[in-house]
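Visitor: Structure provided below as structure tokens; questions to follow.
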2 protein chains.
Amino acid sequence: MSSNSRLTIATHILAWMALVETGRADPVTSERIARSVNTNPVVIRRLLGALARKGLVKSHRGANAGWTLATSADAITLSDIYRAVDDGSLFAMHASPPNQACPVGRGIQPVLTQVYDALDAVLQKQLAEVTIKDILDRILAKDR
Amino acid sequence: MSSNSRLTIATHILAWMALVETGRADPVTSERIARSVNTNPVVIRRLLGALARKGLVKSHRGANAGWTLATSADAITLSDIYRAVDDGSLFAMHASPPNQACPVGRGIQPVLTQVYDALDAVLQKQLAEVTIKDILDRILAKDR
DNA sequence: CCCTGTCGTAACAGTATTTGTTACAACGCG
DNA sequence: CGCGTTGTAACAAATACTGTTACGACAGGG
């Protein structure tokens, strides 16, 4: 599967922001975040933009600009992040439409759509049980 | 997400084979299957090859060659198919390794690996509850 | 009122993946 | 032997993902 790393990177970003904000709540810049994630600041800004569109973070401009969490770290779940940065289709239908003259070709797509929707619901439920705070706590717990 | 259609196509193939085999158990050719799926026979053979490696179908050569189901349609689950045709990694880790000098960069990968493994287990469990026979029954039930 | 630092986004390159296609050797039954 | 099909290699086109450069928009400080 050509899986992407957006959920991973976005979770990394938010966990890092949660850690930094435990000190003080100044906005952090995409450039600082990029150093922890080890990538380009534009990649960070793209993901933060997606997270901001779902209300998970806020951007600040002008002097002392940057980003802050919009809510507390235990109110953000991996399900929220997933829906912000991924389009949520695990499995694709046929690239070219199946033969409508065949009973299977005609009937399989609605059935698989139901199956895939159920899978997505289960996935969301599982993702919703993990918060950024959980992730950060587990990261720091290992650090001894 | 760049999802692929391999699970969809492989399920289509097996449901179609199950339907045809209810009549008689002659091997079917990749060329006939390709007509229902509406794609190239080589695409079908590639997927059947992956399914054969996991023991879900058998290939036959020589005269009257083709493919047959290795077991009954209610003994093949979507989990079996998924593991045969997909590599089973829903979410990728960082493309370039995170900064090891940062607590988050150092600790996040093992934590996310655990989370993703748990997700995969839930996904497999859900997929294992649907058989090819279920799929075919639901396809035919709609056909009235 | 300008200067500065950062956001937000467009544009593009490089790589990888997916699907479809052609080609061809290997196989095994009649 | 002759034939049809498998099994796989090789390649092309389309798409997706990550990283990168570039630059206008913005807002607060001096």
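Chain lettering (A, B, ...) mirrors the order of the structure tokens, residue numbering begins at 1 for each chain separately, and ligand numbering begins at 1 in order of display.
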Give me, as an mmCIF file with all heavy atoms, in the first residue's frame, the residues of chain A touching chain C, with the criterion being at most 9 Å (counting only C-alpha atoms (C1' of nucleotides)).

Guide:
```
data_model
loop_
_atom_site.group_PDB
_atom_site.id
_atom_site.type_symbol
_atom_site.label_atom_id
_atom_site.label_comp_id
_atom_site.auth_asym_id
_atom_site.auth_seq_id
_atom_site.Cartn_x
_atom_site.Cartn_y
_atom_site.Cartn_z
ATOM 1 N N MET A 1 0.855 -1.197 0.000
ATOM 2 C CA MET A 1 0.000 0.000 0.000
ATOM 3 C C MET A 1 0.887 1.241 0.000
ATOM 4 O O MET A 1 1.928 1.276 0.631
ATOM 5 C CB MET A 1 -0.872 -0.012 1.256
ATOM 6 C CG MET A 1 -1.765 1.183 1.374
ATOM 7 S SD MET A 1 -2.916 1.011 2.712
ATOM 8 C CE MET A 1 -3.789 -0.444 2.240
ATOM 9 N N SER A 2 0.457 2.229 -0.723
ATOM 10 C CA SER A 2 1.261 3.444 -0.743
ATOM 11 C C SER A 2 0.807 4.335 0.403
ATOM 12 O O SER A 2 0.198 5.374 0.230
ATOM 13 C CB SER A 2 1.076 4.182 -2.054
ATOM 14 O OG SER A 2 -0.192 4.779 -2.084
ATOM 15 N N THR A 29 7.326 28.462 15.897
ATOM 16 C CA THR A 29 7.396 28.645 14.439
ATOM 17 C C THR A 29 7.540 27.302 13.727
ATOM 18 O O THR A 29 8.018 26.318 14.299
ATOM 19 C CB THR A 29 8.601 29.525 14.069
ATOM 20 O OG1 THR A 29 9.797 28.800 14.375
ATOM 21 C CG2 THR A 29 8.590 30.828 14.818
ATOM 22 N N SER A 30 7.134 27.296 12.468
ATOM 23 C CA SER A 30 7.272 26.085 11.658
ATOM 24 C C SER A 30 8.730 25.696 11.519
ATOM 25 O O SER A 30 9.055 24.518 11.354
ATOM 26 C CB SER A 30 6.657 26.297 10.281
ATOM 27 O OG SER A 30 7.271 27.380 9.612
ATOM 28 N N ARG A 45 4.192 23.609 7.602
ATOM 29 C CA ARG A 45 3.121 24.604 7.452
ATOM 30 C C ARG A 45 1.926 24.028 6.714
ATOM 31 O O ARG A 45 0.778 24.356 7.017
ATOM 32 C CB ARG A 45 3.656 25.836 6.727
ATOM 33 C CG ARG A 45 4.658 26.636 7.553
ATOM 34 C CD ARG A 45 4.699 28.110 7.153
ATOM 35 N NE ARG A 45 5.290 28.351 5.864
ATOM 36 C CZ ARG A 45 6.601 28.566 5.651
ATOM 37 N NH1 ARG A 45 7.444 28.534 6.678
ATOM 38 N NH2 ARG A 45 7.052 28.825 4.449
ATOM 39 N N ARG A 46 2.209 23.167 5.740
ATOM 40 C CA ARG A 46 1.090 22.525 5.025
ATOM 41 C C ARG A 46 0.220 21.721 5.986
ATOM 42 O O ARG A 46 -1.015 21.807 5.951
ATOM 43 C CB ARG A 46 1.644 21.588 3.940
ATOM 44 C CG ARG A 46 1.892 22.270 2.613
ATOM 45 C CD ARG A 46 1.839 21.297 1.454
ATOM 46 N NE ARG A 46 3.005 20.404 1.425
ATOM 47 C CZ ARG A 46 3.966 20.457 0.486
ATOM 48 N NH1 ARG A 46 3.895 21.358 -0.465
ATOM 49 N NH2 ARG A 46 4.958 19.628 0.494
ATOM 50 N N GLY A 49 -1.624 23.907 8.409
ATOM 51 C CA GLY A 49 -2.760 24.521 7.730
ATOM 52 C C GLY A 49 -3.974 23.602 7.731
ATOM 53 O O GLY A 49 -5.099 24.040 8.012
ATOM 54 N N SER A 59 -3.038 29.810 13.982
ATOM 55 C CA SER A 59 -1.841 30.488 13.507
ATOM 56 C C SER A 59 -1.893 31.950 13.951
ATOM 57 O O SER A 59 -2.963 32.539 14.071
ATOM 58 C CB SER A 59 -1.741 30.405 11.990
ATOM 59 O OG SER A 59 -2.661 31.285 11.381
ATOM 60 N N HIS A 60 -0.713 32.520 14.193
ATOM 61 C CA HIS A 60 -0.597 33.917 14.601
ATOM 62 C C HIS A 60 0.387 34.593 13.678
ATOM 63 O O HIS A 60 1.419 34.021 13.344
ATOM 64 C CB HIS A 60 -0.113 34.003 16.058
ATOM 65 C CG HIS A 60 -0.953 33.204 16.991
ATOM 66 N ND1 HIS A 60 -2.031 33.719 17.672
ATOM 67 C CD2 HIS A 60 -0.881 31.898 17.350
ATOM 68 C CE1 HIS A 60 -2.584 32.762 18.406
ATOM 69 N NE2 HIS A 60 -1.902 31.648 18.241
ATOM 70 N N ARG A 61 0.075 35.832 13.273
ATOM 71 C CA ARG A 61 0.943 36.511 12.329
ATOM 72 C C ARG A 61 1.501 37.795 12.938
ATOM 73 O O ARG A 61 1.250 38.094 14.103
ATOM 74 C CB ARG A 61 0.168 36.802 11.033
ATOM 75 C CG ARG A 61 -0.456 35.522 10.497
ATOM 76 C CD ARG A 61 -0.966 35.678 9.106
ATOM 77 N NE ARG A 61 0.129 35.878 8.168
ATOM 78 C CZ ARG A 61 0.035 35.646 6.876
ATOM 79 N NH1 ARG A 61 -1.098 35.212 6.363
ATOM 80 N NH2 ARG A 61 1.048 35.854 6.069
ATOM 81 N N GLY A 62 2.282 38.502 12.132
ATOM 82 C CA GLY A 62 2.938 39.690 12.648
ATOM 83 C C GLY A 62 4.183 39.322 13.440
ATOM 84 O O GLY A 62 4.762 38.265 13.245
ATOM 85 N N ALA A 63 4.632 40.216 14.298
ATOM 86 C CA ALA A 63 5.807 39.927 15.109
ATOM 87 C C ALA A 63 5.441 38.878 16.151
ATOM 88 O O ALA A 63 4.297 38.799 16.586
ATOM 89 C CB ALA A 63 6.297 41.201 15.786
ATOM 90 N N ASN A 64 6.438 38.041 16.512
ATOM 91 C CA ASN A 64 6.198 36.941 17.452
ATOM 92 C C ASN A 64 5.111 36.004 16.917
ATOM 93 O O ASN A 64 4.237 35.563 17.663
ATOM 94 C CB ASN A 64 5.823 37.473 18.836
ATOM 95 C CG ASN A 64 6.096 36.429 19.916
ATOM 96 O OD1 ASN A 64 6.690 35.383 19.637
ATOM 97 N ND2 ASN A 64 5.672 36.716 21.123
ATOM 98 N N ALA A 65 5.177 35.765 15.615
ATOM 99 C CA ALA A 65 4.173 34.925 14.986
ATOM 100 C C ALA A 65 4.492 33.454 15.211
ATOM 101 O O ALA A 65 5.546 33.095 15.738
ATOM 102 C CB ALA A 65 4.108 35.212 13.483
ATOM 103 N N GLY A 66 3.573 32.582 14.824
ATOM 104 C CA GLY A 66 3.773 31.148 14.972
ATOM 105 C C GLY A 66 2.455 30.437 15.199
ATOM 106 O O GLY A 66 1.414 30.892 14.745
ATOM 107 N N ALA A 95 -10.418 0.776 -10.692
ATOM 108 C CA ALA A 95 -9.884 1.914 -11.443
ATOM 109 C C ALA A 95 -10.731 2.163 -12.685
ATOM 110 O O ALA A 95 -11.079 3.304 -12.992
ATOM 111 C CB ALA A 95 -8.428 1.663 -11.823
#
```

Visitor: Among chain A, which ones does DSSP assign to strand (DSSP E or B) (computed from the backbone)? Answer as a list of chain:residue names.

Guide: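 Here is the list: A:Ser2, A:Val28, A:Val57, A:Lys58, A:Ser59, A:His60, A:Gly66, A:Trp67, A:Thr68, A:Leu69, A:Thr77, A:Thr131.
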
Visitor: Tell me as number ranges by chain which residues belonging to chain D come within 12 Å of chain A, counting only C-alpha atoms (C1' of nucleotides).

Guide: D: 14-22, 25-30

Visitor: I'd like the neighbourhood of Glu129 of chain B as a count of residues only, where a residue qualifies if any of its atoms comes within 12 Å (using only C-alpha atoms (C1' of nucleotides)), though same-chain residues fewer than 6 positions away should be ignored.

Guide: 13

Visitor: Write down, as a PyMOL selection string, each residue of chain A that has any atom within 8 Å of an atom of chain B, counting only C-alpha atoms.

Guide: chain A and resi 1-5+7-9+12+15-16+35-39+86-99+102-105+107-108+111-112+119+122-123+126-127+135-136+138-140+142-143

Visitor: Would you mind reading off the distance between atom CA of Ala50 of chain A and atom CA of Ala84 of chain A, one decimal, in Å?

Guide: 5.7 Å

Visitor: Return as a PyMOL selection string the full set of residues in segment 15-132 of chain B whose backbone-based DSSP assignment is alpha helix (DSSP H).

Guide: chain B and resi 15-23+30-37+41-53+78-85+103-127+132

Visitor: In Å, with one decimal, what is the gap from atom CA of Pro27 of chain B to atom CA of Ile81 of chain B?

Guide: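 About the pair atom CA of Pro27 of chain B and atom CA of Ile81 of chain B: they are 19.8 Å apart.
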
Visitor: As an exercise, work out the distance from atom CA of Lys133 of chain A to atom CA of Leu14 of chain A in Å and give it to one decimal place.

Guide: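 Atom CA of Leu14 of chain A lies 9.4 Å from atom CA of Lys133 of chain A.
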
Visitor: Could you check which of B:Ala52, B:Val57, B:Leu47, B:Leu69 is closest to Ala25 of chain B, using only C-alpha atoms?

Guide: B:Leu69
